[in-house]
file query_32.json (JSON, C-alpha atoms)
[["chain", "number", "residue", "atom", "x", "y", "z"],
["A", 1, "SER", "CA", 68.27, 287.43, 78.12],
["A", 2, "GLU", "CA", 67.06, 290.99, 78.67],
["A", 3, "SER", "CA", 67.65, 291.90, 75.01],
["A", 4, "PHE", "CA", 65.33, 289.10, 73.93],
["A", 5, "ARG", "CA", 62.30, 290.30, 75.90],
["A", 6, "PRO", "CA", 61.21, 293.19, 73.62],
["A", 7, "PHE", "CA", 61.18, 290.82, 70.62],
["A", 8, "LEU", "CA", 59.20, 288.17, 72.50],
["A", 9, "THR", "CA", 56.80, 290.71, 73.99],
["A", 10, "GLY", "CA", 56.15, 292.25, 70.57],
["A", 11, "TYR", "CA", 55.63, 288.85, 68.96],
["A", 12, "ILE", "CA", 53.19, 287.70, 71.66],
["A", 13, "THR", "CA", 51.31, 291.01, 71.46],
["A", 14, "LEU", "CA", 50.91, 290.50, 67.70],
["A", 15, "LEU", "CA", 49.60, 286.96, 68.22],
["A", 16, "ILE", "CA", 47.17, 287.89, 70.98],
["A", 17, "SER", "CA", 45.80, 290.78, 68.92],
["A", 18, "GLN", "CA", 44.58, 288.34, 66.28],
["A", 19, "SER", "CA", 41.18, 286.81, 66.89],
["A", 20, "VAL", "CA", 42.47, 283.32, 66.10],
["A", 21, "SER", "CA", 44.45, 282.94, 69.33],
["A", 22, "LEU", "CA", 42.79, 281.14, 72.24],
["A", 23, "THR", "CA", 42.96, 281.34, 76.02],
["A", 24, "VAL", "CA", 41.51, 279.13, 78.73],
["A", 25, "ARG", "CA", 40.77, 280.60, 82.14],
["A", 26, "ASP", "CA", 39.67, 278.79, 85.28],
["A", 27, "PRO", "CA", 36.45, 280.42, 86.54],
["A", 28, "SER", "CA", 36.82, 278.70, 89.91],
["A", 29, "ALA", "CA", 40.22, 280.38, 90.42],
["A", 30, "ASP", "CA", 39.21, 284.00, 89.74],
["A", 31, "GLY", "CA", 39.78, 283.60, 86.02],
["A", 32, "ARG", "CA", 43.35, 282.39, 86.38],
["A", 33, "LEU", "CA", 44.99, 281.68, 83.03],
["A", 34, "ALA", "CA", 45.22, 277.92, 82.49],
["A", 35, "ALA", "CA", 46.33, 277.63, 78.85],
["A", 36, "VAL", "CA", 47.07, 279.64, 75.72],
["A", 37, "ARG", "CA", 47.18, 278.63, 72.04],
["A", 38, "MET", "CA", 48.68, 281.44, 69.98],
["A", 39, "ASN", "CA", 47.84, 281.34, 66.30],
["A", 40, "ARG", "CA", 47.95, 283.72, 63.39],
["A", 41, "ILE", "CA", 46.54, 283.85, 59.91],
["A", 42, "GLU", "CA", 49.10, 284.30, 57.15],
["A", 43, "HIS", "CA", 48.15, 285.52, 53.70],
["A", 44, "ARG", "CA", 50.08, 284.82, 50.52],
["A", 45, "ASN", "CA", 51.13, 288.45, 50.08],
["A", 46, "ASP", "CA", 51.99, 289.27, 53.71],
["A", 47, "PRO", "CA", 55.46, 290.76, 54.19],
["A", 48, "LYS", "CA", 57.96, 288.30, 55.65],
["A", 49, "GLU", "CA", 59.14, 288.79, 59.22],
["A", 50, "GLU", "CA", 62.78, 289.76, 59.24],
["A", 51, "SER", "CA", 65.39, 290.62, 61.78],
["A", 52, "THR", "CA", 66.29, 294.26, 62.22],
["A", 53, "GLU", "CA", 69.48, 296.10, 63.09],
["A", 54, "GLU", "CA", 68.24, 296.22, 66.69],
["A", 55, "SER", "CA", 67.83, 292.42, 66.84],
["A", 56, "SER", "CA", 69.73, 290.68, 69.63],
["A", 57, "GLN", "CA", 72.00, 287.72, 68.99],
["A", 58, "ASP", "CA", 69.26, 285.42, 70.34],
["A", 59, "GLU", "CA", 66.74, 286.84, 67.88],
["A", 60, "LEU", "CA", 69.14, 286.51, 64.97],
["A", 61, "ILE", "CA", 69.73, 282.84, 65.78],
["A", 62, "ILE", "CA", 65.98, 282.16, 66.01],
["A", 63, "PHE", "CA", 65.30, 283.99, 62.73],
["A", 64, "ALA", "CA", 68.11, 282.01, 61.09],
["A", 65, "LEU", "CA", 66.78, 278.67, 62.40],
["A", 66, "LEU", "CA", 63.19, 279.38, 61.35],
["A", 67, "GLY", "CA", 64.41, 280.69, 58.00],
["A", 68, "ALA", "CA", 66.42, 277.51, 57.40],
["A", 69, "LEU", "CA", 63.47, 275.36, 58.46],
["A", 70, "ASN", "CA", 61.20, 277.11, 55.95],
["A", 71, "ASP", "CA", 63.85, 277.55, 53.24],
["A", 72, "GLY", "CA", 62.67, 276.58, 49.78],
["A", 73, "ILE", "CA", 59.17, 275.59, 50.93],
["A", 74, "ASN", "CA", 56.30, 277.71, 49.65],
["A", 75, "LEU", "CA", 53.34, 276.48, 51.67],
["A", 76, "PHE", "CA", 50.90, 278.63, 49.73],
["A", 77, "ASP", "CA", 51.86, 276.88, 46.49],
["A", 78, "LEU", "CA", 52.19, 273.44, 48.12],
["A", 79, "TYR", "CA", 48.65, 273.60, 49.48],
["A", 80, "ASN", "CA", 47.22, 275.76, 46.68],
["A", 81, "THR", "CA", 45.86, 278.39, 49.07],
["A", 82, "ASP", "CA", 46.09, 282.10, 49.80],
["A", 83, "LYS", "CA", 45.53, 281.71, 53.56],
["A", 84, "ILE", "CA", 47.32, 279.55, 56.15],
["A", 85, "LEU", "CA", 46.71, 279.14, 59.88],
["A", 86, "HIS", "CA", 50.07, 279.27, 61.64],
["A", 87, "LEU", "CA", 50.13, 277.55, 65.03],
["A", 88, "ALA", "CA", 52.74, 279.70, 66.71],
["A", 89, "MET", "CA", 52.90, 278.41, 70.29],
["A", 90, "VAL", "CA", 50.97, 276.71, 73.05],
["A", 91, "ALA", "CA", 51.44, 276.86, 76.80],
["A", 92, "VAL", "CA", 49.58, 275.08, 79.60],
["A", 93, "SER", "CA", 50.09, 275.95, 83.25],
["A", 94, "ASN", "CA", 51.56, 273.09, 85.29],
["A", 95, "ASP", "CA", 48.46, 273.20, 87.48],
["A", 96, "TYR", "CA", 46.32, 272.26, 84.46],
["A", 97, "SER", "CA", 48.61, 269.86, 82.63],
["A", 98, "ARG", "CA", 47.65, 266.35, 81.61],
["A", 99, "ILE", "CA", 43.92, 267.02, 81.37],
["A", 100, "GLY", "CA", 43.75, 267.50, 77.61],
["A", 101, "LEU", "CA", 43.76, 271.29, 77.34],
["A", 102, "ALA", "CA", 46.52, 271.40, 74.71],
["A", 103, "SER", "CA", 44.65, 268.84, 72.58],
["A", 104, "GLU", "CA", 41.38, 270.74, 72.88],
["A", 105, "LEU", "CA", 43.11, 273.96, 71.88],
["A", 106, "TYR", "CA", 44.62, 272.16, 68.88],
["A", 107, "LYS", "CA", 41.15, 270.94, 67.83],
["A", 108, "LEU", "CA", 39.65, 274.40, 68.26],
["A", 109, "SER", "CA", 42.49, 275.97, 66.29],
["A", 110, "ILE", "CA", 41.86, 273.59, 63.39],
["A", 111, "GLU", "CA", 38.16, 274.46, 63.51],
["A", 112, "ILE", "CA", 39.02, 278.17, 63.49],
["A", 113, "GLY", "CA", 41.33, 277.65, 60.52],
["A", 114, "GLN", "CA", 38.56, 275.89, 58.63],
["A", 115, "SER", "CA", 36.01, 278.57, 59.57],
["A", 116, "VAL", "CA", 38.19, 281.35, 58.14],
["A", 117, "SER", "CA", 38.84, 279.29, 54.98],
["A", 118, "ALA", "CA", 42.53, 278.68, 55.63],
["A", 119, "GLY", "CA", 43.72, 276.09, 53.14],
["A", 120, "ALA", "CA", 46.45, 274.70, 55.38],
["A", 121, "ILE", "CA", 47.77, 274.62, 58.90],
["A", 122, "VAL", "CA", 51.49, 274.88, 59.77],
["A", 123, "THR", "CA", 53.72, 274.83, 62.83],
["A", 124, "GLU", "CA", 57.38, 274.82, 63.68],
["A", 125, "ALA", "CA", 57.60, 272.02, 66.24],
["A", 126, "VAL", "CA", 60.68, 272.78, 68.32],
["A", 127, "SER", "CA", 60.33, 269.92, 70.81],
["A", 128, "VAL", "CA", 59.48, 266.23, 70.79],
["A", 129, "TYR", "CA", 56.16, 267.00, 72.48],
["A", 130, "ALA", "CA", 55.15, 269.64, 69.95],
["A", 131, "ALA", "CA", 56.02, 267.27, 67.06],
["A", 132, "LYS", "CA", 54.01, 264.41, 68.60],
["A", 133, "ALA", "CA", 51.00, 266.66, 69.12],
["A", 134, "ALA", "CA", 51.19, 268.00, 65.57],
["A", 135, "ALA", "CA", 51.50, 264.48, 64.14],
["A", 136, "SER", "CA", 48.49, 263.32, 66.17],
["A", 137, "PHE", "CA", 46.42, 265.97, 64.33],
["A", 138, "GLY", "CA", 47.66, 264.87, 60.92],
["A", 139, "LEU", "CA", 50.47, 267.35, 60.34],
["A", 140, "GLU", "CA", 53.35, 265.87, 58.37],
["A", 141, "THR", "CA", 57.02, 266.78, 58.59],
["A", 142, "LEU", "CA", 58.11, 268.85, 55.60],
["A", 143, "ASN", "CA", 61.59, 269.71, 56.87],
["A", 144, "GLU", "CA", 63.70, 268.89, 59.90],
["A", 145, "ILE", "CA", 66.82, 270.43, 61.40],
["A", 146, "VAL", "CA", 68.99, 268.69, 63.98],
["A", 147, "TYR", "CA", 69.82, 271.38, 66.55],
["A", 148, "GLU", "CA", 73.43, 270.40, 67.14],
["A", 149, "GLU", "CA", 74.12, 270.37, 63.39],
["A", 150, "PHE", "CA", 72.41, 273.71, 62.68],
["A", 151, "GLU", "CA", 75.01, 276.14, 61.36],
["A", 152, "LEU", "CA", 74.90, 279.90, 60.84],
["A", 153, "GLU", "CA", 76.41, 281.50, 57.73],
["A", 154, "ASP", "CA", 79.70, 282.06, 59.55],
["A", 155, "GLY", "CA", 79.98, 278.35, 60.39],
["A", 156, "PHE", "CA", 79.05, 278.79, 64.05],
["A", 157, "LYS", "CA", 76.80, 276.06, 65.47],
["A", 158, "PRO", "CA", 74.83, 277.87, 68.20],
["A", 159, "TYR", "CA", 73.14, 274.79, 69.67],
["A", 160, "ALA", "CA", 76.08, 272.34, 69.51],
["A", 161, "GLN", "CA", 77.16, 273.25, 73.04],
["A", 162, "PHE", "CA", 73.71, 272.50, 74.47],
["A", 163, "VAL", "CA", 73.33, 268.85, 73.44],
["A", 164, "LYS", "CA", 73.05, 267.67, 77.05],
["A", 165, "GLU", "CA", 70.50, 270.36, 77.93],
["A", 166, "LEU", "CA", 68.39, 269.57, 74.86],
["A", 167, "GLY", "CA", 67.83, 266.00, 76.05],
["A", 168, "ASP", "CA", 65.26, 264.33, 73.79],
["A", 169, "HIS", "CA", 64.50, 267.62, 72.03],
["A", 170, "ARG", "CA", 67.03, 267.12, 69.24],
["A", 171, "THR", "CA", 65.25, 268.60, 66.22],
["A", 172, "ALA", "CA", 63.02, 271.38, 64.98],
["A", 173, "LYS", "CA", 60.41, 270.33, 62.43],
["A", 174, "LEU", "CA", 58.33, 272.26, 59.94],
["A", 175, "MET", "CA", 55.00, 270.43, 59.97],
["A", 176, "ALA", "CA", 51.83, 271.11, 57.97],
["A", 177, "ARG", "CA", 48.68, 269.67, 56.49],
["A", 178, "SER", "CA", 45.81, 270.70, 54.29],
["A", 179, "LEU", "CA", 42.63, 272.03, 55.88],
["A", 180, "LYS", "CA", 40.63, 271.70, 52.69],
["A", 181, "PRO", "CA", 37.78, 269.20, 52.72],
["A", 182, "GLU", "CA", 38.67, 265.99, 50.92]]

call {"tool": "encode", "arguments": {"input": "query_32.json", "output": "structure tokens"}}
result
Amino acid sequence: SESFRPFLTGYITLLISQSVSLTVRDPSADGRLAAVRMNRIEHRNDPKEESTEESSQDELIIFALLGALNDGINLFDLYNTDKILHLAMVAVSNDYSRIGLASELYKLSIEIGQSVSAGAIVTEAVSVYAAKAAASFGLETLNEIVYEEFELEDGFKPYAQFVKELGDHRTAKLMARSLKPE
């Protein structure tokens, strides 16, 4: 929706502004963007992202879902660290899919996290594919929400009507692992 775009644009701008996000461009296609891995470093004392009075209904639902997914889990304490690499999102152009770009960006992100002394890596996997990729790099599920059962404070289930459209993408998962050397 139109009201969702300012939120998304602001969020992506924040992610790109951090030096831990990655892009892949095709030099043979005039530098065309092939893939993006958006990451951010979170510190123990960073202020929490919250919705605002100007937030759209879409934003409020996303904040509520992510809040519920993270509810009661203090990753900083769990992994005994003051710094976490948050894998926010990845996108690969259809023209460059199935050649391993997403996996390479995952590997590079982990290396970046280790190089900046992040003690853990975390992601909210909102699709089957994202969860499989995270699991293949050792991230474990800490919490899981079934979309059609997710309920807002007023009892409304915003995703219940989209069961058919969700297909195999039935859950959102909070997934993480330590980045500390064993």

call {"tool": "residues_around", "arguments": {"input": "query_32.json", "residues": "Val122 (chain A)", "least_positions_apart": "3", "cutoff": "10 Å", "atoms": "all atoms listed in the file", "output": "list in words"}}
result
Asn39, Leu75, Ile84, Leu85, His86, Leu87, Ala88, Ala125, Ala134, Leu139, Glu140, Thr141, Leu142, Leu174, Met175, Ala176, Arg177 and Ser178 of chain A

call {"tool": "closest_residue", "arguments": {"input": "query_32.json", "among": "A:Arg98, A:His169, A:Arg25, A:His43", "to": "Ser117 (chain A)", "atoms": "all atoms listed in the file"}}
result
A:His43

call {"tool": "residues_near_point", "arguments": {"input": "query_32.json", "point": "(64.1, 280.0, 57.7)", "cutoff": "12 Å", "atoms": "all atoms listed in the file", "output": "ChimeraX atom specification"}}
result
/A:48-51,60-74,124,143-145,150,152,172-174

call {"tool": "atom_distance", "arguments": {"input": "query_32.json", "atom1": "CA of Asp26 (chain A)", "atom2": "CA of Gly113 (chain A)"}}
result
24.8 Å

call {"tool": "atom_distance", "arguments": {"input": "query_32.json", "atom1": "CA of Met38 (chain A)", "atom2": "CA of Leu22 (chain A)"}}
result
6.3 Å

call {"tool": "atom_distance", "arguments": {"input": "query_32.json", "atom1": "CA of Asn80 (chain A)", "atom2": "CA of Leu108 (chain A)"}}
result
22.9 Å

call {"tool": "closest_residue", "arguments": {"input": "query_32.json", "among": "A:Glu59, A:Gly119, A:Val36, A:Arg44", "to": "Val24 (chain A)", "atoms": "all atoms listed in the file"}}
result
A:Val36

call {"tool": "axis_aligned_box", "arguments": {"input": "query_32.json", "around": "region 166-178 of chain A", "padding_each_side": "6 Å", "output": "lines of an AutoDock Vina configuration file"}}
result
center_x = 57.1
center_y = 268.3
center_z = 65.2
size_x = 34.6
size_y = 19.9
size_z = 33.8
